[in-house]
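J.: Sending over a structure as structure tokens; questions will come in a sec.
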Amino acid sequence: MTVASPASLYSDLDVEWTLDAPLAPHTWYGVGGRADVLIRPRSLEALTTLVRRCRRDDVPLRVLGSGANLLVDDEGVDGVVVKLDMPFFKAVEWNVDGRVERLRAFGGAAMEQLVQQCARRGVRGLEQMSGIPASVGGAIRMNAGGKFGAIGDAVDAVAVLGLDGEVRVYPREEIHFGYRHTSIPHGIIVWASFRVAEDDPIACRERVLEIFAYKKSTQPMGAASAGCMFRNPTMPDGKVESAGRLIDLAGMKGTRVGAAIVSPRHGNFLAFDKEWNIGTDEGSAGASSVASRTDDMRRLVEMVQDAVRAKFGVELETEVVFWRRGERP
Ligand code: EPU
């Protein structure tokens, strides 16, 4: 069902909006269609009113984080897309209540910058997030992380704007943080506070660089990908296995569908080849016009899932979120 998003939802609010807004520039993959309307609220009040109205009128509302874990359908998406990139939603507060060990970041703040700022100030606690592109809200929502820990390890409390338009604060004790999962109810993450500690800035910086170097040496960080495509599955023996390793062992590295390719470096990175379509017969004849790139990736995802299922009997679930027109967010 396609739902129109009338201007009366947002035109009187303290927001900026763009009709028929291209979403590709907002995602790491850099592909996909348009949003019927992209709205950037300047205040919590504007966001709250918008959320209430969308619920009242049954208009789908999606939140765009840093676009690091998102693949938008070629047809774009209906309803309202919200981006929290105005100053209010990117704020970071140090020494909350006069205490060095309390840090608060709003949902639209960039994780990469936060990690760098912590290192510079000699604040320890978030270095496990080094090299993970995300907004604070997006990272918390999926408990992003890696070999060195996840964001949940450092969370003190999370404020969530519920779909009913009410903001609730959940203390850490009430939240379950699991592998790429949290028990935080549906809604928009407005801010999170973190438990951090003072440390030597040089030691902090070294740790951040060490983690970043590990990632850089094992992953294709420059490619047009969204990090890992699949969650690491639990094997029949109960152990969590690297999806990248399974994809590698299934012989899928380097497999290509049009513009989409399994990284030859790390099997869980499914990237778009930026050079594809430029000056090669195969490229220009292939199914890889810009308009069909998301389809290429979807087909590649299925091929990888089929190969891993056939070899190991395990189902790979995507970690990347797919947005489709007509689908309820
Ligand atoms: N391996 C292979 N072949 C591959 C990929 C990996 O043999 O193609 C082996 C590696 O050599 C290593 C083991 O598998 O022995 C684990 O690899 P890695 O350390 O890269 O960890 P991962 O489980 O594949 C996870 C996260 C990454 C995170 C890394 C490092 C998931 C789905 N992935 O990958 O996160 O960067 O640990 O901390 O949890 C992401 O979430 O987007 C992401 C990339």
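The way I read the labels, and the way they are meant: chains A, B, ... in the order of the structure tokens, residue 1 as the first residue of every chain, and ligand 1 as the first ligand shown, with later ones counted on from there.
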Counting only C-alpha atoms and all ligand atoms, what are the residues of chain A within 7 Å of ligand 1, and for each of them which pair of atoms is the nearest and at what distance in Å, to one decimal? Sort the table by chain and rising number, as a Markdown table.
T.:
| residue | atom | partner | partner_atom_place_in_ligand_line | distance |
| --- | --- | --- | --- | --- |
| A:Ala144 | CA | ligand 1 | 41 (O) | 6.2 |
| A:Gly145 | CA | ligand 1 | 41 (O) | 6.1 |
| A:Gly146 | CA | ligand 1 | 38 (O) | 3.3 |
| A:Lys147 | CA | ligand 1 | 38 (O) | 3.4 |
| A:Phe148 | CA | ligand 1 | 38 (O) | 5.8 |
| A:Lys215 | CA | ligand 1 | 36 (O) | 6.0 |
| A:Thr218 | CA | ligand 1 | 20 (O) | 5.9 |
| A:Gln219 | CA | ligand 1 | 20 (O) | 6.8 |
| A:Ala226 | CA | ligand 1 | 42 (O) | 6.5 |
| A:Gly227 | CA | ligand 1 | 42 (O) | 3.7 |
| A:Cys228 | CA | ligand 1 | 42 (O) | 3.6 |
| A:Met229 | CA | ligand 1 | 42 (O) | 6.7 |
| A:Phe230 | CA | ligand 1 | 32 (C) | 5.6 |
| A:Arg231 | CA | ligand 1 | 32 (C) | 4.2 |
| A:Asn232 | CA | ligand 1 | 32 (C) | 4.7 |
| A:Glu241 | CA | ligand 1 | 23 (O) | 6.7 |
| A:Ser242 | CA | ligand 1 | 23 (O) | 3.9 |
| A:Ala243 | CA | ligand 1 | 24 (O) | 5.9 |
| A:Gly244 | CA | ligand 1 | 5 (C) | 4.0 |
| A:Arg245 | CA | ligand 1 | 2 (C) | 3.8 |
| A:Ile247 | CA | ligand 1 | 8 (O) | 6.6 |
| A:Asp248 | CA | ligand 1 | 8 (O) | 4.7 |
| A:Arg265 | CA | ligand 1 | 8 (O) | 6.1 |
| A:His266 | CA | ligand 1 | 8 (O) | 3.6 |
| A:Gly267 | CA | ligand 1 | 8 (O) | 3.7 |
| A:Asn268 | CA | ligand 1 | 8 (O) | 6.4 |
J.: Pull the strand (DSSP E) assignments for region 88-308 of chain A out of DSSP run on the backbone, and list those residues as a PyMOL selection string.
T.: chain A and resi 92-93+102-106+123-124+145-146+149-150+155-161+167-171+177-178+181-182+188-195+197-198+256-257+260-262+270-272
J.: May I ask for the distance between CA of Gly79 (chain A) and CA of Ile184 (chain A), given in Å to one decimal place?
T.: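 Separation between CA of Gly79 (chain A) and CA of Ile184 (chain A): 23.7 Å.
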J.: Quick one: distance from CA of Arg195 (chain A) to CA of Ala109 (chain A) in Å, one decimal?
T.: 16.9 Å
J.: Could you go through region 1-236 of chain A and tell me which residues DSSP, when run on the backbone, assigns to helix (DSSP H, G or I), listing them as a PyMOL selection string?
T.: chain A and resi 7-9+24-26+44-56+87-90+96-98+111-121+127-129+136-141+151-154+172-174+201-218
J.: Take the residues from that selection and put them in a file with C-alpha atoms, as a compact mmCIF listing (two decimals), in the first residue's frame.
T.:
# COMPACT_ATOMS: atom_id res chain seq x y z
CA ALA A 7 2.30 18.55 3.91
CA SER A 8 -0.10 19.09 6.82
CA LEU A 9 1.94 16.46 8.71
CA ALA A 24 21.34 7.14 -2.24
CA PRO A 25 23.62 9.99 -1.06
CA HIS A 26 22.54 9.24 2.53
CA LEU A 44 12.54 17.25 19.97
CA GLU A 45 9.15 18.92 20.03
CA ALA A 46 8.94 18.95 16.23
CA LEU A 47 9.98 15.30 16.06
CA THR A 48 7.49 14.30 18.75
CA THR A 49 4.61 16.05 16.99
CA LEU A 50 5.58 14.47 13.68
CA VAL A 51 5.69 10.98 15.23
CA ARG A 52 2.25 11.50 16.79
CA ARG A 53 0.74 12.71 13.53
CA CYS A 54 2.22 9.85 11.50
CA ARG A 55 0.75 7.40 13.94
CA ARG A 56 -2.62 9.16 13.92
CA PRO A 87 22.52 20.32 15.61
CA PHE A 88 20.08 19.42 18.39
CA PHE A 89 20.18 15.73 17.49
CA LYS A 90 23.95 15.61 16.95
CA VAL A 96 27.11 15.37 32.54
CA ASP A 97 26.13 16.54 36.06
CA GLY A 98 29.75 17.63 36.48
CA MET A 111 29.95 7.37 16.24
CA GLU A 112 33.26 7.81 14.38
CA GLN A 113 33.60 11.39 15.63
CA LEU A 114 32.55 10.45 19.14
CA VAL A 115 35.26 7.78 19.31
CA GLN A 116 37.86 10.28 18.10
CA GLN A 117 36.72 12.94 20.57
CA CYS A 118 36.89 10.44 23.44
CA ALA A 119 40.45 9.51 22.49
CA ARG A 120 41.48 13.16 22.29
CA ARG A 121 39.98 13.97 25.68
CA GLU A 127 37.04 2.50 21.80
CA GLN A 128 35.48 -0.84 20.79
CA MET A 129 33.45 1.21 18.30
CA VAL A 136 24.70 6.75 17.93
CA GLY A 137 21.00 5.84 17.57
CA GLY A 138 21.64 3.28 14.85
CA ALA A 139 24.53 1.71 16.74
CA ILE A 140 22.48 1.35 19.92
CA ARG A 141 19.42 -0.01 18.11
CA ILE A 151 28.24 -0.33 22.21
CA GLY A 152 25.95 -1.89 24.83
CA ASP A 153 29.01 -2.57 27.01
CA ALA A 154 29.21 1.16 27.75
CA ARG A 172 20.81 -0.01 31.59
CA GLU A 173 19.42 -2.56 34.06
CA GLU A 174 16.17 -2.66 32.09
CA PRO A 201 44.83 10.36 26.14
CA ILE A 202 47.86 8.67 24.58
CA ALA A 203 46.77 5.24 25.82
CA CYS A 204 43.21 5.92 24.59
CA ARG A 205 44.42 6.94 21.18
CA GLU A 206 46.68 3.92 20.88
CA ARG A 207 43.82 1.56 21.66
CA VAL A 208 41.56 3.22 19.08
CA LEU A 209 44.30 3.02 16.44
CA GLU A 210 45.05 -0.62 17.30
CA ILE A 211 41.39 -1.63 16.81
CA PHE A 212 41.11 0.42 13.64
CA ALA A 213 44.28 -1.20 12.26
CA TYR A 214 42.86 -4.68 12.91
CA LYS A 215 39.71 -3.80 10.98
CA LYS A 216 41.67 -2.23 8.17
CA SER A 217 43.90 -5.27 7.81
CA THR A 218 41.00 -7.72 7.61
J.: Smallest atom-to-atom distance to Leu23 (chain A): which of A:Asp237, A:Glu319, A:Asp36, A:Asp199, using only C-alpha atoms?
T.: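 Residue with the minimum atom-to-atom distance to Leu23 (chain A): A:Asp36.
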J.: From the list A:Val301, A:Leu103, A:Leu163, A:Val77, which residue is nearest Glu327 (chain A) when using only C-alpha atoms?
T.: A:Val77
J.: Can you measure CA of Gly313 (chain A) to CA of Lys239 (chain A) for me? One decimal in Å is fine.
T.: 14.4 Å
J.: May I ask which of the residues A:Met252, A:Glu315, A:Asp156, A:Gly32 is the closest one to Met235 (chain A), counting only C-alpha atoms?
T.: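 So, comparing all the options, the nearest one is A:Glu315.
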J.: Need the shell around Leu38 (chain A): protein/DNA/RNA residues with any atom at most 8 Å away, counting only C-alpha atoms. Skip same-chain ones fewer than 2 positions apart. Format as a PyMOL selection string?
T.: chain A and resi 17-21+35-36+40+80-83
J.: Between A:Val31, A:Ile132, A:Val155, A:Ala271, which one has atoms that come closest to Ser66 (chain A), using only C-alpha atoms?
T.: A:Ile132
J.: Would you mind listing what lies within 9 Å of Val167 (chain A) as a ChimeraX atom specification, with only C-alpha atoms counted and same-chain residues fewer than 6 positions away left out?
T.: /A:48,159-161,190
J.: Just all heavy atoms for this one: save the residues we selected as a PDB file, in the first residue's frame.
T.:
ATOM      1  N   THR A  48       8.564  14.944  17.984  1.00  0.00           N
ATOM      2  CA  THR A  48       7.494  14.304  18.750  1.00  0.00           C
ATOM      3  C   THR A  48       6.133  14.511  18.075  1.00  0.00           C
ATOM      4  O   THR A  48       5.354  13.575  17.912  1.00  0.00           O
ATOM      5  CB  THR A  48       7.475  14.902  20.172  1.00  0.00           C
ATOM      6  OG1 THR A  48       8.751  14.721  20.728  1.00  0.00           O
ATOM      7  CG2 THR A  48       6.452  14.238  21.054  1.00  0.00           C
ATOM      8  N   ALA A 159      17.236   7.048  26.016  1.00  0.00           N
ATOM      9  CA  ALA A 159      15.928   7.715  25.939  1.00  0.00           C
ATOM     10  C   ALA A 159      15.308   7.409  24.577  1.00  0.00           C
ATOM     11  O   ALA A 159      15.947   7.608  23.542  1.00  0.00           O
ATOM     12  CB  ALA A 159      16.097   9.226  26.103  1.00  0.00           C
ATOM     13  N   VAL A 160      14.091   6.906  24.608  1.00  0.00           N
ATOM     14  CA  VAL A 160      13.429   6.483  23.373  1.00  0.00           C
ATOM     15  C   VAL A 160      12.126   7.252  23.210  1.00  0.00           C
ATOM     16  O   VAL A 160      11.315   7.329  24.138  1.00  0.00           O
ATOM     17  CB  VAL A 160      13.118   4.966  23.424  1.00  0.00           C
ATOM     18  CG1 VAL A 160      12.487   4.497  22.112  1.00  0.00           C
ATOM     19  CG2 VAL A 160      14.372   4.163  23.719  1.00  0.00           C
ATOM     20  N   LEU A 161      11.956   7.800  22.013  1.00  0.00           N
ATOM     21  CA  LEU A 161      10.665   8.427  21.671  1.00  0.00           C
ATOM     22  C   LEU A 161       9.784   7.321  21.100  1.00  0.00           C
ATOM     23  O   LEU A 161      10.040   6.822  20.002  1.00  0.00           O
ATOM     24  CB  LEU A 161      10.899   9.538  20.636  1.00  0.00           C
ATOM     25  CG  LEU A 161       9.666  10.144  19.989  1.00  0.00           C
ATOM     26  CD1 LEU A 161       8.721  10.748  21.021  1.00  0.00           C
ATOM     27  CD2 LEU A 161      10.074  11.210  18.973  1.00  0.00           C
ATOM     28  N   VAL A 190      16.526   8.903  21.125  1.00  0.00           N
ATOM     29  CA  VAL A 190      16.757  10.350  21.191  1.00  0.00           C
ATOM     30  C   VAL A 190      18.165  10.630  21.708  1.00  0.00           C
ATOM     31  O   VAL A 190      18.906  11.412  21.142  1.00  0.00           O
ATOM     32  CB  VAL A 190      15.708  11.046  22.093  1.00  0.00           C
ATOM     33  CG1 VAL A 190      15.989  12.541  22.175  1.00  0.00           C
ATOM     34  CG2 VAL A 190      14.309  10.805  21.561  1.00  0.00           C
TER      35      VAL A 190
END
J.: From the set A:Ser5, A:Ser193, A:Thr27, A:Asn95, which residue has the shortest atom-to-atom contact distance to Leu61 (chain A), counting only C-alpha atoms?
T.: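 Checking each candidate against Leu61 (chain A), we get A:Ser5 as the closest.
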J.: Hey, which of A:Arg42, A:Arg62, A:Arg309, A:Arg124 ends up closest to Val321 (chain A)? Count only C-alpha atoms.
T.: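 So, comparing all the options, the nearest one is A:Arg62.
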